[in-house]
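Source file: structure-v7.cif (mmCIF, C-alpha atoms and all ligand atoms; chains and numbers go by the auth columns)
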```cif
data_run
loop_
_atom_site.group_PDB
_atom_site.id
_atom_site.type_symbol
_atom_site.label_atom_id
_atom_site.label_comp_id
_atom_site.label_asym_id
_atom_site.label_seq_id
_atom_site.Cartn_x
_atom_site.Cartn_y
_atom_site.Cartn_z
_atom_site.B_iso_or_equiv
_atom_site.auth_seq_id
_atom_site.auth_asym_id
ATOM 1 C CA MET A 1 -6.216 -4.225 10.751 0.00 519 A
ATOM 2 C CA ASN A 2 -5.385 -1.317 13.005 0.00 520 A
ATOM 3 C CA ASP A 3 -6.534 2.261 12.408 0.00 521 A
ATOM 4 C CA ALA A 4 -3.267 3.321 10.748 0.00 522 A
ATOM 5 C CA GLU A 5 -3.440 0.417 8.287 0.00 523 A
ATOM 6 C CA PHE A 6 -7.110 1.217 7.647 0.00 524 A
ATOM 7 C CA GLU A 7 -6.293 4.836 6.783 0.00 525 A
ATOM 8 C CA GLU A 8 -3.302 3.774 4.679 0.00 526 A
ATOM 9 C CA GLN A 9 -5.417 1.424 2.570 0.00 527 A
ATOM 10 C CA LYS A 10 -8.204 3.980 2.182 0.00 528 A
ATOM 11 C CA ALA A 11 -5.644 6.497 0.941 0.00 529 A
ATOM 12 C CA ARG A 12 -4.330 4.002 -1.636 0.00 530 A
ATOM 13 C CA VAL A 13 -7.817 3.465 -3.073 0.00 531 A
ATOM 14 C CA LEU A 14 -8.705 7.171 -3.083 0.00 532 A
ATOM 15 C CA ALA A 15 -5.423 8.119 -4.759 0.00 533 A
ATOM 16 C CA VAL A 16 -6.087 5.708 -7.608 0.00 534 A
ATOM 17 C CA PHE A 17 -9.723 6.786 -7.961 0.00 535 A
ATOM 18 C CA GLU A 18 -8.811 10.472 -7.976 0.00 536 A
ATOM 19 C CA LYS A 19 -6.176 9.855 -10.646 0.00 537 A
ATOM 20 C CA TRP A 20 -8.622 8.061 -12.942 0.00 538 A
ATOM 21 C CA SER A 21 -12.019 9.694 -12.301 0.00 539 A
ATOM 22 C CA VAL A 22 -11.394 12.744 -14.499 0.00 540 A
ATOM 23 C CA PRO A 23 -9.972 11.018 -17.594 0.00 541 A
ATOM 24 C CA LEU A 24 -12.712 8.371 -17.330 0.00 542 A
ATOM 25 C CA TRP A 25 -15.397 11.077 -17.263 0.00 543 A
ATOM 26 C CA LEU A 26 -16.718 10.148 -13.841 0.00 544 A
ATOM 27 C CA GLU A 27 -16.711 13.684 -12.493 0.00 545 A
ATOM 28 C CA GLY A 28 -20.449 13.962 -13.111 0.00 546 A
ATOM 29 C CA TYR A 29 -21.172 10.976 -10.901 0.00 547 A
ATOM 30 C CA ASP A 30 -21.767 11.312 -7.190 0.00 548 A
ATOM 31 C CA THR A 31 -19.547 8.481 -6.001 0.00 549 A
ATOM 32 C CA THR A 32 -19.584 7.378 -2.371 0.00 550 A
ATOM 33 C CA PHE A 33 -17.057 4.988 -0.863 0.00 551 A
ATOM 34 C CA TYR A 34 -17.868 2.436 1.800 0.00 552 A
ATOM 35 C CA TRP A 35 -14.887 1.104 3.695 0.00 553 A
ATOM 36 C CA GLU A 36 -14.829 -2.458 5.028 0.00 554 A
ATOM 37 C CA ARG A 37 -11.980 -3.610 7.251 0.00 555 A
ATOM 38 C CA THR A 38 -12.629 -7.230 6.345 0.00 556 A
ATOM 39 C CA LYS A 39 -11.519 -9.308 3.393 0.00 557 A
ATOM 40 C CA GLY A 40 -13.893 -9.348 0.469 0.00 558 A
ATOM 41 C CA PRO A 41 -16.308 -12.152 -0.293 0.00 559 A
ATOM 42 C CA GLU A 42 -14.812 -15.159 -2.069 0.00 560 A
ATOM 43 C CA ARG A 43 -15.954 -16.127 -5.544 0.00 561 A
ATOM 44 C CA LYS A 44 -15.274 -19.679 -6.640 0.00 562 A
ATOM 45 C CA MET A 45 -13.138 -20.088 -9.744 0.00 563 A
ATOM 46 C CA GLU A 46 -14.436 -22.300 -12.517 0.00 564 A
ATOM 47 C CA GLY A 47 -13.286 -25.899 -12.419 0.00 565 A
ATOM 48 C CA GLY A 48 -11.547 -25.991 -9.081 0.00 566 A
ATOM 49 C CA ASP A 49 -11.618 -25.272 -5.390 0.00 567 A
ATOM 50 C CA THR A 50 -9.652 -22.028 -5.658 0.00 568 A
ATOM 51 C CA HIS A 51 -11.369 -18.728 -4.935 0.00 569 A
ATOM 52 C CA TRP A 52 -11.009 -15.131 -6.043 0.00 570 A
ATOM 53 C CA GLN A 53 -11.234 -12.641 -3.239 0.00 571 A
ATOM 54 C CA THR A 54 -13.213 -9.503 -3.972 0.00 572 A
ATOM 55 C CA THR A 55 -11.272 -6.271 -3.566 0.00 573 A
ATOM 56 C CA LEU A 56 -13.994 -3.829 -4.606 0.00 574 A
ATOM 57 C CA LYS A 57 -17.606 -3.885 -5.639 0.00 575 A
ATOM 58 C CA VAL A 58 -19.736 -1.187 -7.161 0.00 576 A
ATOM 59 C CA ASN A 59 -23.383 -0.335 -7.190 0.00 577 A
ATOM 60 C CA SER A 60 -24.447 2.294 -9.662 0.00 578 A
ATOM 61 C CA ASN A 61 -27.712 4.057 -10.345 0.00 579 A
ATOM 62 C CA TRP A 62 -27.100 5.291 -13.863 0.00 580 A
ATOM 63 C CA THR A 63 -30.389 7.183 -14.106 0.00 581 A
ATOM 64 C CA HIS A 64 -29.309 9.453 -11.248 0.00 582 A
ATOM 65 C CA MET A 65 -25.569 9.192 -11.849 0.00 583 A
ATOM 66 C CA ASP A 66 -24.936 7.928 -8.331 0.00 584 A
ATOM 67 C CA ALA A 67 -22.415 5.238 -7.569 0.00 585 A
ATOM 68 C CA ALA A 68 -21.218 3.449 -4.459 0.00 586 A
ATOM 69 C CA ILE A 69 -17.906 1.641 -4.264 0.00 587 A
ATOM 70 C CA THR A 70 -17.321 -0.768 -1.411 0.00 588 A
ATOM 71 C CA ALA A 71 -13.652 -1.374 -0.696 0.00 589 A
ATOM 72 C CA TYR A 72 -12.606 -4.490 1.231 0.00 590 A
ATOM 73 C CA LEU A 73 -9.436 -3.169 2.790 0.00 591 A
ATOM 74 C CA GLY A 74 -8.534 -6.527 4.354 0.00 592 A
ATOM 75 C CA THR A 75 -8.037 -7.840 0.835 0.00 593 A
ATOM 76 C CA ILE A 76 -6.699 -4.627 -0.676 0.00 594 A
ATOM 77 C CA MET A 77 -3.801 -4.547 1.801 0.00 595 A
ATOM 78 C CA ASN A 78 -2.466 -7.690 0.081 0.00 596 A
ATOM 79 C CA VAL A 79 -2.616 -6.510 -3.540 0.00 597 A
ATOM 80 C CA THR A 80 0.055 -4.678 -5.510 0.00 598 A
ATOM 81 C CA GLU A 81 -0.382 -1.135 -6.807 0.00 599 A
ATOM 82 C CA VAL A 82 -0.926 -2.456 -10.348 0.00 600 A
ATOM 83 C CA GLU A 83 -3.544 -4.934 -9.133 0.00 601 A
ATOM 84 C CA LEU A 84 -5.305 -2.216 -7.152 0.00 602 A
ATOM 85 C CA GLU A 85 -5.226 0.222 -10.049 0.00 603 A
ATOM 86 C CA THR A 86 -6.603 -2.397 -12.441 0.00 604 A
ATOM 87 C CA ALA A 87 -9.375 -3.231 -9.958 0.00 605 A
ATOM 88 C CA VAL A 88 -10.341 0.424 -9.465 0.00 606 A
ATOM 89 C CA VAL A 89 -10.402 1.076 -13.215 0.00 607 A
ATOM 90 C CA HIS A 90 -12.480 -2.094 -13.655 0.00 608 A
ATOM 91 C CA GLU A 91 -15.056 -0.829 -11.127 0.00 609 A
ATOM 92 C CA CYS A 92 -15.099 2.543 -12.878 0.00 610 A
ATOM 93 C CA MET A 93 -15.995 0.684 -16.069 0.00 611 A
ATOM 94 C CA HIS A 94 -18.986 -0.832 -14.260 0.00 612 A
ATOM 95 C CA ILE A 95 -20.155 2.667 -13.389 0.00 613 A
ATOM 96 C CA LEU A 96 -19.886 3.719 -17.032 0.00 614 A
ATOM 97 C CA VAL A 97 -21.610 0.702 -18.602 0.00 615 A
ATOM 98 C CA CYS A 98 -24.127 -0.349 -15.960 0.00 616 A
ATOM 99 C CA GLU A 99 -27.019 1.078 -17.921 0.00 617 A
ATOM 100 C CA THR A 100 -26.592 -1.747 -20.409 0.00 618 A
ATOM 101 C CA ARG A 101 -27.749 -4.263 -17.792 0.00 619 A
ATOM 102 C CA GLN A 102 -30.887 -6.039 -18.827 0.00 620 A
ATOM 103 C CA GLY A 103 -32.655 -8.839 -17.024 0.00 621 A
ATOM 104 C CA GLU A 104 -30.623 -8.265 -13.912 0.00 622 A
ATOM 105 C CA ASP A 105 -30.176 -11.188 -11.561 0.00 623 A
ATOM 106 C CA LYS A 106 -31.794 -13.804 -13.754 0.00 624 A
ATOM 107 C CA GLY A 107 -29.580 -16.868 -13.522 0.00 625 A
ATOM 108 C CA ASP A 108 -25.961 -17.345 -12.498 0.00 626 A
ATOM 109 C CA ASP A 109 -24.443 -15.674 -15.546 0.00 627 A
ATOM 110 C CA TRP A 110 -26.534 -12.525 -15.875 0.00 628 A
ATOM 111 C CA LEU A 111 -23.519 -10.270 -15.250 0.00 629 A
ATOM 112 C CA ASP A 112 -20.931 -12.191 -17.288 0.00 630 A
ATOM 113 C CA HIS A 113 -21.083 -9.985 -20.400 0.00 631 A
ATOM 114 C CA GLU A 114 -20.737 -6.790 -18.381 0.00 632 A
ATOM 115 C CA GLU A 115 -17.805 -8.315 -16.475 0.00 633 A
ATOM 116 C CA ARG A 116 -16.061 -9.163 -19.742 0.00 634 A
ATOM 117 C CA VAL A 117 -16.624 -5.680 -21.183 0.00 635 A
ATOM 118 C CA CYS A 118 -15.360 -4.013 -17.997 0.00 636 A
ATOM 119 C CA THR A 119 -12.306 -6.247 -17.863 0.00 637 A
ATOM 120 C CA MET A 120 -11.354 -5.534 -21.481 0.00 638 A
ATOM 121 C CA LEU A 121 -11.947 -1.782 -21.151 0.00 639 A
ATOM 122 C CA ALA A 122 -9.895 -1.627 -17.942 0.00 640 A
ATOM 123 C CA LYS A 123 -7.039 -3.525 -19.594 0.00 641 A
ATOM 124 C CA ALA A 124 -7.229 -1.205 -22.613 0.00 642 A
ATOM 125 C CA PHE A 125 -7.059 1.907 -20.439 0.00 643 A
ATOM 126 C CA MET A 126 -4.152 0.490 -18.437 0.00 644 A
ATOM 127 C CA THR A 127 -2.297 -0.272 -21.686 0.00 645 A
ATOM 128 C CA VAL A 128 -2.982 3.190 -23.093 0.00 646 A
ATOM 129 C CA ARG A 129 -1.658 4.720 -19.865 0.00 647 A
ATOM 130 C CA GLN A 130 1.502 2.585 -20.098 0.00 648 A
ATOM 131 C CA TYR A 131 1.995 3.517 -23.761 0.00 649 A
ATOM 132 C CA ALA A 132 1.624 7.193 -22.865 0.00 650 A
ATOM 133 C CA LYS A 133 4.246 6.828 -20.116 0.00 651 A
ATOM 134 C CA GLU A 134 6.613 5.246 -22.627 0.00 652 A
ATOM 135 C CA GLY A 135 5.970 7.979 -25.206 0.00 653 A
ATOM 136 C CA LYS A 136 4.424 5.543 -27.651 0.00 654 A
ATOM 137 C CA LEU A 137 1.305 7.673 -28.104 0.00 655 A
HETATM 138 ZN ZN ZN B . -16.540 -6.574 -12.328 0.00 701 A
#
```

Here is the file; what I need is its structure written in the form of structure tokens.
Ligand SMILES: [Zn+2]
Amino acid sequence: MNDAEFEEQKARVLAVFEKWSVPLWLEGYDTTFYWERTKGPERKMEGGDTHWQTTLKVNSNWTHMDAAITAYLGTIMNVTEVELETAVVHECMHILVCETRQGEDKGDDWLDHEERVCTMLAKAFMTVRQYAKEGKL
């Protein structure tokens, strides 16, 4: 990834985050981005040898309303705008719900419920946005 591609991918992520941060009430958070040129870590899919490749990850300190989003631009350069937007909204959901984490890092599935909640909320917000575009709301 050359410097121009790096800046282009950063701009894509920031544009999506800036569009969503206000309506998702994230203005009060101090959110820092970390930019990785590499592809994201692979996560094995259940029941096969296929892997998901991480586009973004978030760390959030809800007590201080700080958040850090790491963007793996080597992966992001290969995703569509809709995929990127869904991923950014999903990470924003983690920022909003992270205070519900209990028993962090105890076993392989400790984050599964939060992942499910964030996925459903992100899909709901994306659908609401689409409905609004179509004048259905
Ligand atoms: Zn997630």

Practice prompt. Would you mind listing what lies within 10 Å of stretch 531-534 of chain A as a list of chain:residue names, with all atoms listed in the file counted and same-chain residues fewer than 5 positions away left out?
Written response: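 Final neighbour list, sorted by chain and number: A:Glu526, A:Ser539, A:Phe551, A:Leu574, A:Ala589, A:Leu591, A:Ile594, A:Glu599, A:Leu602, A:Glu603, A:Thr604, A:Ala605, A:Val606, A:Val607.
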
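The smallest atom-to-atom distance between A:Met611 and any of A:Gln571, A:Thr637, A:Gln648, A:Thr598, using only C-alpha atoms, is found for A:Thr637.
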
Worksheet item: Using all atoms listed in the file, which protein or nucleic acid residues are at most 9 Å from ligand ZN 701 (chain A), as a VMD selection string?
Response: chain A and resid 574 to 576 605 608 to 609 611 to 612 629 to 630 632 to 637

Item to complete: Scan for residues within 10 Å of the point (-5.1, -4.2, 4.2) in the coordinates of the file, using only C-alpha atoms, and reply as a list in words.
Response: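 Those residues lying close to the given coordinates are Met519, Asn520, Glu523, Phe524, Glu525, Glu526, Gln527, Lys528, Glu554, Arg555, Thr556, Lys557, Tyr590, Leu591, Gly592, Thr593, Ile594, Met595, Asn596 and Val597 of chain A.
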
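Shortest atom-to-atom contact with A:Phe643 among A:Ala585, A:Ala529, A:Cys610, A:Leu544: A:Cys610, counting all atoms listed in the file.
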
Worksheet entry | Separation of atom CA of A:Ser578 from atom CA of A:Glu545, in Å and rounded to one decimal | 14.1 Å

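Distance-wise, atom CA of A:Trp543 and atom CA of A:Leu614 end up 8.6 Å apart.
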
Fill in: Atom pair atom CA of A:Thr573 / atom CA of A:Trp553: separation (Å)
11.0 Å

Item to complete: Counting all atoms listed in the file, select every polymer residue within 12 Å of (-28.7, 9.1, -10.4) as defined in the file's coordinates, and provide the selection as a PyMOL selection string.
Response: chain A and resi 546-549+577-586+613+616-617

Go ahead and save the picked residues with C-alpha atoms, as an mmCIF file, keeping the file's coordinate frame.
```cif
data_model
loop_
_atom_site.group_PDB
_atom_site.id
_atom_site.type_symbol
_atom_site.label_atom_id
_atom_site.label_comp_id
_atom_site.auth_asym_id
_atom_site.auth_seq_id
_atom_site.Cartn_x
_atom_site.Cartn_y
_atom_site.Cartn_z
ATOM 1 C CA GLY A 546 -20.449 13.962 -13.111
ATOM 2 C CA TYR A 547 -21.172 10.976 -10.901
ATOM 3 C CA ASP A 548 -21.767 11.312 -7.190
ATOM 4 C CA THR A 549 -19.547 8.481 -6.001
ATOM 5 C CA ASN A 577 -23.383 -0.335 -7.190
ATOM 6 C CA SER A 578 -24.447 2.294 -9.662
ATOM 7 C CA ASN A 579 -27.712 4.057 -10.345
ATOM 8 C CA TRP A 580 -27.100 5.291 -13.863
ATOM 9 C CA THR A 581 -30.389 7.183 -14.106
ATOM 10 C CA HIS A 582 -29.309 9.453 -11.248
ATOM 11 C CA MET A 583 -25.569 9.192 -11.849
ATOM 12 C CA ASP A 584 -24.936 7.928 -8.331
ATOM 13 C CA ALA A 585 -22.415 5.238 -7.569
ATOM 14 C CA ALA A 586 -21.218 3.449 -4.459
ATOM 15 C CA ILE A 613 -20.155 2.667 -13.389
ATOM 16 C CA CYS A 616 -24.127 -0.349 -15.960
ATOM 17 C CA GLU A 617 -27.019 1.078 -17.921
#
```
